[in-house]
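Here is input.cif, consisting of mmCIF, C-alpha atoms:
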data_target
loop_
_atom_site.group_PDB
_atom_site.id
_atom_site.type_symbol
_atom_site.label_atom_id
_atom_site.label_comp_id
_atom_site.auth_asym_id
_atom_site.auth_seq_id
_atom_site.Cartn_x
_atom_site.Cartn_y
_atom_site.Cartn_z
ATOM 1 C CA CYS I 1185 35.829 -3.750 17.871
ATOM 2 C CA TRP I 1186 33.287 -3.325 20.636
ATOM 3 C CA ASP I 1187 33.595 0.504 20.512
ATOM 4 C CA GLY I 1188 30.694 0.946 22.948
ATOM 5 C CA GLY I 1189 28.341 -0.869 20.583
ATOM 6 C CA ASP I 1190 29.131 1.381 17.609
ATOM 7 C CA CYS I 1191 30.329 -1.625 15.631
ATOM 8 C CA GLU I 1192 27.094 -3.558 16.063
ATOM 9 C CA LYS I 1193 23.898 -2.810 14.160
ATOM 10 C CA VAL I 1194 20.638 -4.512 15.076
ATOM 11 C CA PHE I 1195 17.761 -5.034 12.626
ATOM 12 C CA GLY I 1196 14.984 -7.052 14.243
ATOM 13 C CA ASP I 1197 16.432 -10.529 14.842
ATOM 14 C CA CYS I 1198 19.515 -9.833 12.720
ATOM 15 C CA ILE I 1199 22.734 -8.395 14.197
ATOM 16 C CA ALA I 1200 25.488 -7.169 11.901
ATOM 17 C CA THR I 1201 29.020 -6.904 13.279
ATOM 18 C CA PRO I 1202 32.424 -6.448 11.612
ATOM 19 C CA ASP I 1203 32.889 -10.220 11.984
ATOM 20 C CA THR I 1204 29.613 -11.137 10.269
ATOM 21 C CA CYS I 1205 29.614 -8.351 7.672
ATOM 22 C CA GLN I 1206 32.938 -9.236 6.096
ATOM 23 C CA GLY I 1207 33.369 -7.793 2.643
ATOM 24 C CA GLY I 1208 30.528 -5.373 3.332
ATOM 25 C CA PHE I 1209 30.690 -1.895 4.735
ATOM 26 C CA ILE I 1210 29.049 -2.009 8.161
ATOM 27 C CA ASN I 1211 29.178 1.776 8.537
ATOM 28 C CA TYR I 1212 27.105 2.135 5.386
ATOM 29 C CA ILE I 1213 24.320 -0.293 6.266
ATOM 30 C CA GLN I 1214 20.910 1.351 5.893
ATOM 31 C CA VAL I 1215 19.418 2.662 9.138
ATOM 32 C CA ASP I 1216 15.996 4.294 9.372
ATOM 33 C CA ASP I 1217 17.156 7.431 11.212
ATOM 34 C CA ASP I 1218 19.898 8.194 8.668
ATOM 35 C CA PRO I 1219 18.899 11.281 6.608
ATOM 36 C CA PHE I 1220 20.896 9.895 3.667
ATOM 37 C CA ASN I 1221 19.043 6.555 3.730
ATOM 38 C CA GLN I 1222 17.398 6.220 0.341
ATOM 39 C CA ASN I 1223 16.313 2.665 1.212
ATOM 40 C CA GLN I 1224 18.353 1.468 -1.767
ATOM 41 C CA CYS I 1225 20.124 -1.858 -1.638
ATOM 42 C CA ASP I 1226 23.922 -1.568 -1.483
ATOM 43 C CA ILE I 1227 25.021 -4.725 -3.280
ATOM 44 C CA MET I 1228 28.198 -4.973 -1.109
ATOM 45 C CA ASN I 1229 25.965 -5.422 1.969
ATOM 46 C CA ASN I 1230 23.510 -7.781 0.252
ATOM 47 C CA ASN I 1231 24.142 -10.802 2.459
ATOM 48 C CA GLU I 1232 22.882 -12.335 5.682
ATOM 49 C CA GLY I 1233 25.970 -11.232 7.688
ATOM 50 C CA CYS I 1234 25.207 -7.595 6.821
ATOM 51 C CA CYS I 1235 21.489 -8.138 7.529
ATOM 52 C CA TRP I 1236 20.677 -7.637 3.852
ATOM 53 C CA ASP I 1237 21.859 -4.004 4.083
ATOM 54 C CA GLY I 1238 19.577 -3.390 7.048
ATOM 55 C CA GLY I 1239 16.574 -4.680 5.129
ATOM 56 C CA ALA I 1240 17.111 -2.575 2.012
ATOM 57 C CA CYS I 1241 18.162 -5.721 0.110
ATOM 58 C CA LYS I 1242 15.423 -7.981 1.448
ATOM 59 C CA LYS I 1243 11.754 -7.093 1.707
ATOM 60 C CA VAL I 1244 9.424 -9.491 3.510
ATOM 61 C CA PHE I 1245 5.661 -9.514 2.953
ATOM 62 C CA GLY I 1246 4.080 -12.363 4.885
ATOM 63 C CA ASP I 1247 5.565 -15.565 3.464
ATOM 64 C CA CYS I 1248 6.978 -13.796 0.392
ATOM 65 C CA ILE I 1249 10.577 -12.530 0.269
ATOM 66 C CA ALA I 1250 11.775 -10.133 -2.446
ATOM 67 C CA THR I 1251 15.492 -9.677 -3.074
ATOM 68 C CA PRO I 1252 17.603 -7.967 -5.763
ATOM 69 C CA GLU I 1253 17.920 -11.362 -7.428
ATOM 70 C CA THR I 1254 14.153 -11.885 -7.648
ATOM 71 C CA CYS I 1255 12.955 -8.318 -8.190
ATOM 72 C CA GLY I 1256 15.882 -6.079 -9.170
ATOM 73 C CA THR I 1257 18.078 -3.920 -6.968
ATOM 74 C CA TYR I 1258 16.436 -0.580 -7.677
ATOM 75 C CA LEU I 1259 12.849 -1.863 -7.728
ATOM 76 C CA LEU I 1260 12.933 -3.103 -4.118
ATOM 77 C CA GLN I 1261 12.545 0.412 -2.745
ATOM 78 C CA GLU I 1262 9.176 0.742 -4.520
ATOM 79 C CA LEU I 1263 7.651 -2.343 -2.887
ATOM 80 C CA GLY I 1264 5.121 -1.560 -0.185
ATOM 81 C CA ASP I 1265 4.955 2.171 -1.008
ATOM 82 C CA THR I 1266 1.107 2.045 -1.339
ATOM 83 C CA SER I 1267 1.184 2.779 -5.078
ATOM 84 C CA CYS I 1268 0.350 -0.087 -7.421
ATOM 85 C CA ASN I 1269 3.056 -0.532 -10.067
ATOM 86 C CA PRO I 1270 2.099 -3.129 -12.725
ATOM 87 C CA VAL I 1271 5.803 -3.774 -13.495
ATOM 88 C CA LEU I 1272 6.181 -5.157 -9.962
ATOM 89 C CA LEU I 1273 3.245 -7.576 -10.231
ATOM 90 C CA THR I 1274 5.416 -10.690 -10.186
ATOM 91 C CA ALA I 1275 5.965 -13.443 -7.634
ATOM 92 C CA GLY I 1276 9.624 -12.347 -7.313
ATOM 93 C CA CYS I 1277 8.495 -8.841 -6.325
ATOM 94 C CA CYS I 1278 5.834 -10.226 -3.928
ATOM 95 C CA TRP I 1279 3.082 -8.740 -6.084
ATOM 96 C CA ASP I 1280 4.329 -5.185 -5.436
ATOM 97 C CA GLY I 1281 4.370 -5.844 -1.697
ATOM 98 C CA GLY I 1282 0.580 -5.832 -1.574
ATOM 99 C CA ASP I 1283 0.302 -2.331 -3.049
ATOM 100 C CA CYS I 1284 -1.986 -3.609 -5.766
ATOM 101 C CA GLU I 1285 -4.454 -5.135 -3.334
ATOM 102 C CA LYS I 1286 -6.958 -2.909 -1.600
ATOM 103 C CA VAL I 1287 -9.166 -4.409 1.105
ATOM 104 C CA PHE I 1288 -12.582 -3.014 2.023
ATOM 105 C CA GLY I 1289 -14.304 -5.254 4.565
ATOM 106 C CA ASP I 1290 -15.006 -8.535 2.777
ATOM 107 C CA CYS I 1291 -14.154 -7.092 -0.647
ATOM 108 C CA ILE I 1292 -10.628 -7.245 -2.100
ATOM 109 C CA ALA I 1293 -9.783 -5.259 -5.233
ATOM 110 C CA THR I 1294 -6.754 -6.285 -7.300
ATOM 111 C CA PRO I 1295 -5.596 -5.383 -10.829
ATOM 112 C CA ASP I 1296 -7.145 -8.673 -11.980
ATOM 113 C CA THR I 1297 -10.570 -7.949 -10.460
ATOM 114 C CA CYS I 1298 -10.593 -4.185 -11.085
ATOM 115 C CA GLN I 1299 -10.026 -4.381 -14.835
ATOM 116 C CA GLY I 1300 -11.048 -1.222 -16.632
ATOM 117 C CA GLY I 1301 -10.953 0.658 -13.343
ATOM 118 C CA PHE I 1302 -8.128 2.599 -11.828
ATOM 119 C CA ILE I 1303 -7.025 0.686 -8.729
ATOM 120 C CA ASN I 1304 -4.644 3.464 -7.617
ATOM 121 C CA TYR I 1305 -7.605 5.836 -7.464
ATOM 122 C CA ILE I 1306 -9.975 3.686 -5.413
ATOM 123 C CA GLN I 1307 -11.203 5.648 -2.408
ATOM 124 C CA VAL I 1308 -9.320 4.964 0.825
ATOM 125 C CA ASP I 1309 -10.208 6.589 4.117
ATOM 126 C CA ASP I 1310 -6.693 7.822 4.956
ATOM 127 C CA ASP I 1311 -6.253 9.548 1.573
ATOM 128 C CA PRO I 1312 -6.357 13.350 2.052
ATOM 129 C CA PHE I 1313 -7.773 13.708 -1.469
ATOM 130 C CA ASN I 1314 -10.644 11.287 -0.756
ATOM 131 C CA GLN I 1315 -13.809 13.254 -1.337
ATOM 132 C CA ASN I 1316 -15.861 10.074 -0.890
ATOM 133 C CA GLN I 1317 -17.250 10.630 -4.387
ATOM 134 C CA CYS I 1318 -18.060 7.682 -6.593
ATOM 135 C CA ASP I 1319 -15.656 7.311 -9.529
ATOM 136 C CA ILE I 1320 -17.842 5.738 -12.205
ATOM 137 C CA MET I 1321 -14.829 3.825 -13.674
ATOM 138 C CA ASN I 1322 -14.480 1.965 -10.348
ATOM 139 C CA ASN I 1323 -18.235 1.455 -9.876
ATOM 140 C CA ASN I 1324 -18.225 -2.343 -10.027
ATOM 141 C CA GLU I 1325 -17.830 -5.302 -7.705
ATOM 142 C CA GLY I 1326 -14.240 -6.016 -8.866
ATOM 143 C CA CYS I 1327 -13.219 -2.518 -7.750
ATOM 144 C CA CYS I 1328 -15.221 -2.888 -4.502
ATOM 145 C CA TRP I 1329 -17.637 -0.184 -5.651
ATOM 146 C CA ASP I 1330 -14.792 2.382 -5.529
ATOM 147 C CA GLY I 1331 -13.940 1.389 -1.978
ATOM 148 C CA GLY I 1332 -17.534 1.903 -0.894
ATOM 149 C CA ALA I 1333 -17.955 5.366 -2.400
ATOM 150 C CA CYS I 1334 -20.274 3.860 -5.048
ATOM 151 C CA LYS I 1335 -22.287 1.661 -2.689
ATOM 152 C CA LYS I 1336 -23.716 2.679 0.673
ATOM 153 C CA VAL I 1337 -25.294 0.059 2.905
ATOM 154 C CA PHE I 1338 -27.767 0.935 5.655
ATOM 155 C CA GLY I 1339 -29.087 -2.265 7.239
ATOM 156 C CA ASP I 1340 -30.919 -4.144 4.466
ATOM 157 C CA CYS I 1341 -31.002 -1.097 2.185
ATOM 158 C CA ILE I 1342 -28.326 -0.560 -0.485
ATOM 159 C CA ALA I 1343 -27.937 2.766 -2.288
ATOM 160 C CA THR I 1344 -25.950 2.937 -5.522
ATOM 161 C CA PRO I 1345 -25.417 5.582 -8.221
ATOM 162 C CA GLU I 1346 -28.162 3.850 -10.214
ATOM 163 C CA THR I 1347 -30.715 4.146 -7.383
ATOM 164 C CA CYS I 1348 -29.691 7.453 -5.826
ATOM 165 C CA GLY I 1349 -27.370 9.338 -8.180
ATOM 166 C CA THR I 1350 -23.575 9.392 -8.253
ATOM 167 C CA TYR I 1351 -23.033 12.694 -6.474
ATOM 168 C CA LEU I 1352 -25.819 12.264 -3.916
ATOM 169 C CA LEU I 1353 -24.310 9.112 -2.385
ATOM 170 C CA GLN I 1354 -21.693 11.107 -0.474
ATOM 171 C CA GLU I 1355 -24.456 12.934 1.410
ATOM 172 C CA LEU I 1356 -26.105 9.766 2.735
ATOM 173 C CA GLY I 1357 -25.540 9.144 6.441
ATOM 174 C CA ASP I 1358 -23.905 12.533 7.029
ATOM 175 C CA THR I 1359 -26.291 13.344 9.951
ATOM 176 C CA SER I 1360 -27.933 16.157 7.937
ATOM 177 C CA CYS I 1361 -31.473 15.483 6.715
ATOM 178 C CA ASN I 1362 -31.856 16.267 3.021
ATOM 179 C CA PRO I 1363 -35.487 16.045 1.745
ATOM 180 C CA VAL I 1364 -34.262 15.281 -1.802
ATOM 181 C CA LEU I 1365 -32.711 12.044 -0.479
ATOM 182 C CA LEU I 1366 -35.869 10.803 1.260
ATOM 183 C CA THR I 1367 -36.481 8.014 -1.260
ATOM 184 C CA ALA I 1368 -36.227 4.232 -1.072
ATOM 185 C CA GLY I 1369 -33.374 4.326 -3.643
ATOM 186 C CA CYS I 1370 -31.396 6.624 -1.346
ATOM 187 C CA CYS I 1371 -32.242 4.517 1.736
ATOM 188 C CA TRP I 1372 -34.216 7.408 3.206
ATOM 189 C CA ASP I 1373 -31.114 9.595 3.386
ATOM 190 C CA GLY I 1374 -29.242 6.855 5.219
ATOM 191 C CA GLY I 1375 -31.306 7.456 8.326
ATOM 192 C CA ASP I 1376 -30.417 11.147 8.585
#

Let me see whether you can do it: turn the structure in this file into structure tokens.
Amino acid sequence: CWDGGDCEKVFGDCIATPDTCQGGFINYIQVDDDPFNQNQCDIMNNNEGCCWDGGACKKVFGDCIATPETCGTYLLQELGDTSCNPVLLTAGCCWDGGDCEKVFGDCIATPDTCQGGFINYIQVDDDPFNQNQCDIMNNNEGCCWDGGACKKVFGDCIATPETCGTYLLQELGDTSCNPVLLTAGCCWDGGD
């Protein structure tokens, strides 16, 4: 069944053909450009010959591999979706595909370190709702000072909500000189 290549599906290093995907349904293997792809694992294609249903039945995060057997068929689609789900914080689910770990320079916030805080609400630069305002619940080292929103560093000077005020921090280093922020606690308006 060479059919001009229609009977062969390639997923990275894995190639599924009618010969290798026996018992599975090669025409129904997940492909990224399919509008009906819900990224859900089809258990009939959950094998190496069918390329783990085009990856929907096998998620790889570094050295960790999550499968329906280790994480659950319907939970796989939630791994690596950038939202921390405590139910998926297991070795079999690769610790939610890294969703529960937020990295800010040398600081790493996890559910274990950010206890009492809200790790899903830590400031991240690519979040359209990020107002760069310090969330007082995440104002601690374990939550990486709310992704930096609660701690501004200018050379040797460190401004925090305690030294400068929670809502004034966002104005430091914004290239606009604000006389109210010309204090040592506010790092002299971050050099503005």

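Atom CA of Asn1229 of chain I sits 27.8 Å away from atom CA of Cys1268 of chain I.
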
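Minimum distance to Thr1347 of chain I across I:Cys1255, I:Cys1334, I:Ala1200, I:Ile1227 (counting only C-alpha atoms) occurs at I:Cys1334.
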
Give me the residues near Glu1285 of chain I as a VMD selection string, where near means some atom within 10 Å (using only C-alpha atoms) and where sequence neighbours in that chain fewer than 4 positions away do not count. chain I and resid 1266 to 1268 1279 to 1281 1292 to 1298 1303 to 1304

Written selection (C-alpha atoms) as a PDB file, in the coordinates of the input:
ATOM      1  CA  THR I1266       1.107   2.045  -1.339  1.00  0.00           C
ATOM      2  CA  SER I1267       1.184   2.779  -5.078  1.00  0.00           C
ATOM      3  CA  CYS I1268       0.350  -0.087  -7.421  1.00  0.00           C
ATOM      4  CA  TRP I1279       3.082  -8.740  -6.084  1.00  0.00           C
ATOM      5  CA  ASP I1280       4.329  -5.185  -5.436  1.00  0.00           C
ATOM      6  CA  GLY I1281       4.370  -5.844  -1.697  1.00  0.00           C
ATOM      7  CA  ILE I1292     -10.628  -7.245  -2.100  1.00  0.00           C
ATOM      8  CA  ALA I1293      -9.783  -5.259  -5.233  1.00  0.00           C
ATOM      9  CA  THR I1294      -6.754  -6.285  -7.300  1.00  0.00           C
ATOM     10  CA  PRO I1295      -5.596  -5.383 -10.829  1.00  0.00           C
ATOM     11  CA  ASP I1296      -7.145  -8.673 -11.980  1.00  0.00           C
ATOM     12  CA  THR I1297     -10.570  -7.949 -10.460  1.00  0.00           C
ATOM     13  CA  CYS I1298     -10.593  -4.185 -11.085  1.00  0.00           C
ATOM     14  CA  ILE I1303      -7.025   0.686  -8.729  1.00  0.00           C
ATOM     15  CA  ASN I1304      -4.644   3.464  -7.617  1.00  0.00           C
TER      16      ASN I1304
END

With the file shown as input, list the residues that the PyMOL selection byres ((chain I and resi 1260) around 9) selects, as a list in words. Asn1223, Gln1224, Cys1225, Ala1240, Cys1241, Lys1242, Lys1243, Ala1250, Thr1251, Pro1252, Cys1255, Gly1256, Thr1257, Tyr1258, Leu1259, Gln1261, Glu1262, Leu1263, Gly1264, Cys1277 and Asp1280 of chain I

Pick from I:Cys1278, I:Trp1329, I:Cys1291, I:Asn1230, whichever lies nearest to Ile1306 of chain I using only C-alpha atoms: I:Trp1329

The distance between atom CA of Gly1276 of chain I and atom CA of Asp1226 of chain I is 18.8 Å

To one decimal in Å, tell me the separation between atom CA of Gly1233 of chain I and atom CA of Gly1196 of chain I. 13.5 Å
